[in-house]
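Asks: Can you keep this structure in mind? I'll have questions shortly.
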Amino acid sequence: MKVRGQLHIPGNLLIAGEYAVLQEGGLGVSMAVGPPVLGRIRDSDTFKLVARTGSYTSEWMPFQDPSPSPDHRVAVFEHSVQLLANESAVRAAFSPLEQRLAERIVEICAAIRTRRFDPVEITVDTRSLFTSDGRKLGFGSSAAATVASVAGLLAAAGYDPTTDRRAVQRLATAAHRSLQGKKGSGYDIATSVFGGMGLFTGGSFPRYQRIQLPWFPQAAVDQGPAPQSTGSAVDHCLRFQARNPERWSRLFERNQNLVREFSQSIRSSDGLRLLEALRLHGEEIGDLIGVPAGLETQVSDPETDTGCSSRFHKALGAGCETIMILPHVAGCPGRAIIRDDGGLQWG
């Protein structure tokens, strides 16, 4: 089969702004990281979507079998196709100030609704974001897969998804929120689309502004003691907000000030000081909502310690499933992560 093009979509990490990014105007700092999710669009006899996830490969032919697939691993495809095939949902994905772009995308998506293009096979491969035993690395694989699905469908319909990356961001955010039961800030989608490090602003139509933190070292990530359901953690936070609106308001404003200052930091001393404040802030929220984000502190032995235990550690996202460590040091615990400045690529 002839290859029409290939997609490159990085994973993502939320460095700061846990829970606050779920609110309108809530600020966070995120980073696009490799290795990327890969997508491939090839000519085919039938329209087929192929998902390679962990150690599994799943296929779905939406126009031959439009009913939901019993295989949850193609759910990203299902929600992406349902969105792009629904004209009103496509329009609603764009803000009032983006309606000119929305009209252009509505025209493109008409080809998907009516299948006015030659059949293709779209493959989305997220295996790079899983460990060898099938465990997620914590790099936002479902968000990156959603970006790949939406971008692949637009490319199949004849639209270069890098023409205006906002289109992919808006559509993928809507599809991913549908997948998550209308939850989700969209930071992960925006980060994978635009790449680099960014100041994220949450809300109905999230915004992402690329930032430069020249002092930020190569980081590492490690797996925490146990998996954490993001949806469950968000529910805990929402219940806390309902019970303690004034306390949450103070916590939210504290986050806004810290994140804004952190996003503008130039010197290592300032950045690390603010990261430490953000770590403590996140741990306080975790304790209050019942989803602990604190990490056990290991006492180092001065005779044998090589500097590994003295590095900075911070839990990322909900709970402490994923831990960021600064800086990465060869031979110390933690998987080195490389920032991906390219974001969504198509060619």
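Here's how to read the names in the structure tokens: chain A, B, ... by the order shown, residue numbers from 1 in each chain, ligand numbers from 1 in the order shown.
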Need to verify the contact set: Leu344 in chain A, 8 Å, only C-alpha atoms, exclusion of same-chain residues closer than 5 positions in sequence. Can you return it as a ChimeraX atom specification?
Replies: /A:7-10,162,165,192-195
Asks: Do you know which residues are at most 10 Å from Gly334 in chain A counting only C-alpha atoms, after dropping those on the same chain fewer than 5 positions away, and could you put them as a PDB file with C-alpha atoms, in the first residue's frame?
Replies:
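Heads up, here's the output in around24.pdb:
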```
ATOM      1  CA  ALA A 219      14.744  15.978  33.638  1.00  0.00           C
ATOM      2  CA  ALA A 220      13.953  12.377  34.447  1.00  0.00           C
ATOM      3  CA  VAL A 221      10.736  10.660  35.422  1.00  0.00           C
ATOM      4  CA  ASP A 222      10.122   7.662  37.622  1.00  0.00           C
ATOM      5  CA  GLN A 223       7.088   5.569  38.417  1.00  0.00           C
ATOM      6  CA  CYS A 308      21.076  10.569  43.419  1.00  0.00           C
ATOM      7  CA  ILE A 323       7.506  11.627  39.599  1.00  0.00           C
ATOM      8  CA  MET A 324       9.712  14.256  37.965  1.00  0.00           C
ATOM      9  CA  ILE A 325      13.363  14.338  39.032  1.00  0.00           C
ATOM     10  CA  LEU A 326      15.785  17.217  38.373  1.00  0.00           C
ATOM     11  CA  PRO A 327      18.340  16.871  36.972  1.00  0.00           C
ATOM     12  CA  HIS A 328      18.698  13.578  35.148  1.00  0.00           C
ATOM     13  CA  VAL A 329      21.931  11.898  36.213  1.00  0.00           C
TER      14      VAL A 329
END
```
Asks: Just checking: using only C-alpha atoms, which residue out of A:Pro161, A:Ala20, A:Arg267, A:Gln99 ends up closest to Arg250 in chain A?
Replies: A:Ala20
Asks: With only C-alpha atoms as the basis for distance, which of A:Val120, A:Leu129, A:Ala85, A:Leu101 is at the shortest distance from Val33 in chain A?
Replies: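 Nearest to Val33 in chain A: A:Leu129.
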Asks: Write down as a PyMOL selection string the residues belonging to range 109-154 of chain A that are assigned strand (DSSP E or B) by DSSP computed on the backbone.
Replies: chain A and resi 120-125+130+136
Asks: Atoms to include: C-alpha atoms. Write the selected residues as a PDB file, in the first residue's frame.
Replies:
```pdb
ATOM      1  CA  VAL A 120      -7.211   4.811   3.679  1.00  0.00           C
ATOM      2  CA  GLU A 121      -5.738   2.896   6.567  1.00  0.00           C
ATOM      3  CA  ILE A 122      -4.826   5.160   9.500  1.00  0.00           C
ATOM      4  CA  THR A 123      -2.461   3.584  12.010  1.00  0.00           C
ATOM      5  CA  VAL A 124      -1.723   5.204  15.374  1.00  0.00           C
ATOM      6  CA  ASP A 125       1.176   3.640  17.246  1.00  0.00           C
ATOM      7  CA  PHE A 130       4.511   2.157  27.313  1.00  0.00           C
ATOM      8  CA  LYS A 136       1.995   3.515  30.721  1.00  0.00           C
TER       9      LYS A 136
END
```
Asks: Excluding same-chain residues fewer than 4 positions from Lys48 in chain A, what lies within 12 Å of it counting only C-alpha atoms, as a list in words?
Replies: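 Near neighbours after the sequence-gap exclusion: Arg40, Ile41, Arg42, Asp43, Ser44, Ser58, Glu59, Trp60, Met61, Pro62, Phe63, Gln64, Asp65, Pro66, Val74, Phe77, Glu78, Val81, Asp118, Pro119, Val120, Glu121, Ile122, Thr123, Val124, Ser149, Gly152, Leu153 and Ala156 of chain A.
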Asks: Export N, CA and C atoms of the chosen residues as a PDB file, in the first residue's frame?
Replies:
```pdb
ATOM      1  N   ARG A  40       0.434   6.849  10.658  1.00  0.00           N
ATOM      2  CA  ARG A  40       0.727   6.608   9.247  1.00  0.00           C
ATOM      3  C   ARG A  40      -0.576   6.491   8.486  1.00  0.00           C
ATOM      4  N   ILE A  41      -0.667   7.166   7.358  1.00  0.00           N
ATOM      5  CA  ILE A  41      -1.847   7.119   6.498  1.00  0.00           C
ATOM      6  C   ILE A  41      -1.435   6.464   5.191  1.00  0.00           C
ATOM      7  N   ARG A  42      -2.089   5.355   4.855  1.00  0.00           N
ATOM      8  CA  ARG A  42      -1.773   4.613   3.637  1.00  0.00           C
ATOM      9  C   ARG A  42      -3.038   4.367   2.831  1.00  0.00           C
ATOM     10  N   ASP A  43      -2.872   4.267   1.498  1.00  0.00           N
ATOM     11  CA  ASP A  43      -3.983   3.869   0.644  1.00  0.00           C
ATOM     12  C   ASP A  43      -4.425   2.466   1.027  1.00  0.00           C
ATOM     13  N   SER A  44      -5.733   2.216   0.891  1.00  0.00           N
ATOM     14  CA  SER A  44      -6.272   0.932   1.304  1.00  0.00           C
ATOM     15  C   SER A  44      -7.522   0.624   0.497  1.00  0.00           C
ATOM     16  N   SER A  58      -5.292  -3.350  17.512  1.00  0.00           N
ATOM     17  CA  SER A  58      -6.740  -3.416  17.330  1.00  0.00           C
ATOM     18  C   SER A  58      -7.117  -2.691  16.043  1.00  0.00           C
ATOM     19  N   GLU A  59      -8.161  -3.188  15.374  1.00  0.00           N
ATOM     20  CA  GLU A  59      -8.620  -2.589  14.129  1.00  0.00           C
ATOM     21  C   GLU A  59     -10.114  -2.276  14.224  1.00  0.00           C
ATOM     22  N   TRP A  60     -10.525  -1.246  13.492  1.00  0.00           N
ATOM     23  CA  TRP A  60     -11.940  -0.863  13.451  1.00  0.00           C
ATOM     24  C   TRP A  60     -12.230  -0.258  12.093  1.00  0.00           C
ATOM     25  N   MET A  61     -13.332  -0.676  11.473  1.00  0.00           N
ATOM     26  CA  MET A  61     -13.763  -0.130  10.183  1.00  0.00           C
ATOM     27  C   MET A  61     -15.076   0.610  10.413  1.00  0.00           C
ATOM     28  N   PRO A  62     -15.020   1.911  10.693  1.00  0.00           N
ATOM     29  CA  PRO A  62     -16.194   2.651  11.170  1.00  0.00           C
ATOM     30  C   PRO A  62     -17.360   2.711  10.204  1.00  0.00           C
ATOM     31  N   PHE A  63     -17.090   2.748   8.898  1.00  0.00           N
ATOM     32  CA  PHE A  63     -18.194   2.893   7.955  1.00  0.00           C
ATOM     33  C   PHE A  63     -18.816   1.554   7.589  1.00  0.00           C
ATOM     34  N   GLN A  64     -18.112   0.464   7.872  1.00  0.00           N
ATOM     35  CA  GLN A  64     -18.708  -0.859   7.683  1.00  0.00           C
ATOM     36  C   GLN A  64     -19.427  -1.312   8.949  1.00  0.00           C
ATOM     37  N   ASP A  65     -18.903  -0.877  10.099  1.00  0.00           N
ATOM     38  CA  ASP A  65     -19.512  -1.232  11.382  1.00  0.00           C
ATOM     39  C   ASP A  65     -19.550   0.019  12.250  1.00  0.00           C
ATOM     40  N   PRO A  66     -20.552   0.894  12.030  1.00  0.00           N
ATOM     41  CA  PRO A  66     -20.598   2.172  12.761  1.00  0.00           C
ATOM     42  C   PRO A  66     -20.947   2.027  14.232  1.00  0.00           C
ATOM     43  N   VAL A  74      -9.856   1.058  20.738  1.00  0.00           N
ATOM     44  CA  VAL A  74     -10.154   1.917  19.588  1.00  0.00           C
ATOM     45  C   VAL A  74     -11.121   3.032  19.975  1.00  0.00           C
ATOM     46  N   PHE A  77     -10.397   6.429  18.493  1.00  0.00           N
ATOM     47  CA  PHE A  77     -10.856   6.550  17.114  1.00  0.00           C
ATOM     48  C   PHE A  77     -12.354   6.841  17.064  1.00  0.00           C
ATOM     49  N   GLU A  78     -13.121   6.084  17.837  1.00  0.00           N
ATOM     50  CA  GLU A  78     -14.578   6.233  17.813  1.00  0.00           C
ATOM     51  C   GLU A  78     -15.005   7.664  18.129  1.00  0.00           C
ATOM     52  N   VAL A  81     -13.941  10.091  15.259  1.00  0.00           N
ATOM     53  CA  VAL A  81     -14.798   9.983  14.076  1.00  0.00           C
ATOM     54  C   VAL A  81     -16.169  10.582  14.354  1.00  0.00           C
ATOM     55  N   ASP A 118     -10.715   8.767  -1.142  1.00  0.00           N
ATOM     56  CA  ASP A 118     -10.345   7.368  -1.342  1.00  0.00           C
ATOM     57  C   ASP A 118     -10.072   6.717   0.006  1.00  0.00           C
ATOM     58  N   PRO A 119     -10.463   5.454   0.170  1.00  0.00           N
ATOM     59  CA  PRO A 119     -10.275   4.794   1.469  1.00  0.00           C
ATOM     60  C   PRO A 119      -8.798   4.731   1.867  1.00  0.00           C
ATOM     61  N   VAL A 120      -8.572   4.833   3.149  1.00  0.00           N
ATOM     62  CA  VAL A 120      -7.211   4.811   3.679  1.00  0.00           C
ATOM     63  C   VAL A 120      -7.183   3.937   4.934  1.00  0.00           C
ATOM     64  N   GLU A 121      -5.990   3.546   5.283  1.00  0.00           N
ATOM     65  CA  GLU A 121      -5.738   2.896   6.567  1.00  0.00           C
ATOM     66  C   GLU A 121      -4.946   3.874   7.421  1.00  0.00           C
ATOM     67  N   ILE A 122      -5.501   4.253   8.570  1.00  0.00           N
ATOM     68  CA  ILE A 122      -4.826   5.160   9.500  1.00  0.00           C
ATOM     69  C   ILE A 122      -4.348   4.338  10.696  1.00  0.00           C
ATOM     70  N   THR A 123      -3.046   4.325  10.892  1.00  0.00           N
ATOM     71  CA  THR A 123      -2.461   3.584  12.010  1.00  0.00           C
ATOM     72  C   THR A 123      -1.902   4.576  13.022  1.00  0.00           C
ATOM     73  N   VAL A 124      -2.260   4.391  14.281  1.00  0.00           N
ATOM     74  CA  VAL A 124      -1.723   5.204  15.374  1.00  0.00           C
ATOM     75  C   VAL A 124      -0.982   4.272  16.326  1.00  0.00           C
ATOM     76  N   SER A 149      -5.245  10.749  15.879  1.00  0.00           N
ATOM     77  CA  SER A 149      -6.477  10.314  15.226  1.00  0.00           C
ATOM     78  C   SER A 149      -7.129  11.464  14.467  1.00  0.00           C
ATOM     79  N   GLY A 152      -4.905  12.566  11.593  1.00  0.00           N
ATOM     80  CA  GLY A 152      -4.938  11.572  10.525  1.00  0.00           C
ATOM     81  C   GLY A 152      -6.213  11.642   9.711  1.00  0.00           C
ATOM     82  N   LEU A 153      -7.341  11.856  10.369  1.00  0.00           N
ATOM     83  CA  LEU A 153      -8.608  11.978   9.655  1.00  0.00           C
ATOM     84  C   LEU A 153      -8.634  13.231   8.781  1.00  0.00           C
ATOM     85  N   ALA A 156      -6.445  12.574   5.802  1.00  0.00           N
ATOM     86  CA  ALA A 156      -7.103  11.675   4.852  1.00  0.00           C
ATOM     87  C   ALA A 156      -8.113  12.425   3.999  1.00  0.00           C
TER      88      ALA A 156
END
```
Asks: From a DSSP pass on the backbone, collect the residues of range 11-165 of chain A flagged as alpha helix (DSSP H) and hand them back as number ranges by chain.
Replies: A: 75-84, 87-92, 99-114, 141-156, 165
Asks: Which neighbours of Thr191 in chain A fall inside 8 Å, counting only C-alpha atoms, when residues of the same chain fewer than 3 positions from it are skipped, and could you give them as a count of residues only?
Replies: 14
Asks: Env of Val21 in chain A: 12 Å cut, atoms = only C-alpha atoms, seq-sep filter 2 positions within chain, self excluded. Answer as JSON, numbers by chain.
Replies: {"A": [14, 15, 16, 17, 18, 19, 23, 24, 25, 26, 27, 28, 29, 30, 183, 184, 185, 186, 187, 188, 199, 200, 201, 202, 203, 204, 205, 206, 207, 208, 234, 252, 253, 255, 256, 259, 317, 318]}
Asks: Using only C-alpha atoms, can you tell me which of A:Gln169, A:Leu38, A:Cys332, A:Leu258 comes closest to Arg311 in chain A?
Replies: A:Cys332
Asks: In terms of the shortest atom-to-atom distance over only C-alpha atoms, which of A:Gln82, A:Gln209, A:Ser128, A:Thr114 is closest to Ser55 in chain A?
Replies: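 Checking each of A:Gln82, A:Gln209, A:Ser128, A:Thr114 against Ser55 in chain A, counting only C-alpha atoms, the winner is A:Ser128.
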Asks: One number please: CA of Gln180 in chain A to CA of Thr131 in chain A, in Å, one decimal.
Replies: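 Result for CA of Gln180 in chain A versus CA of Thr131 in chain A: 23.1 Å, one decimal.
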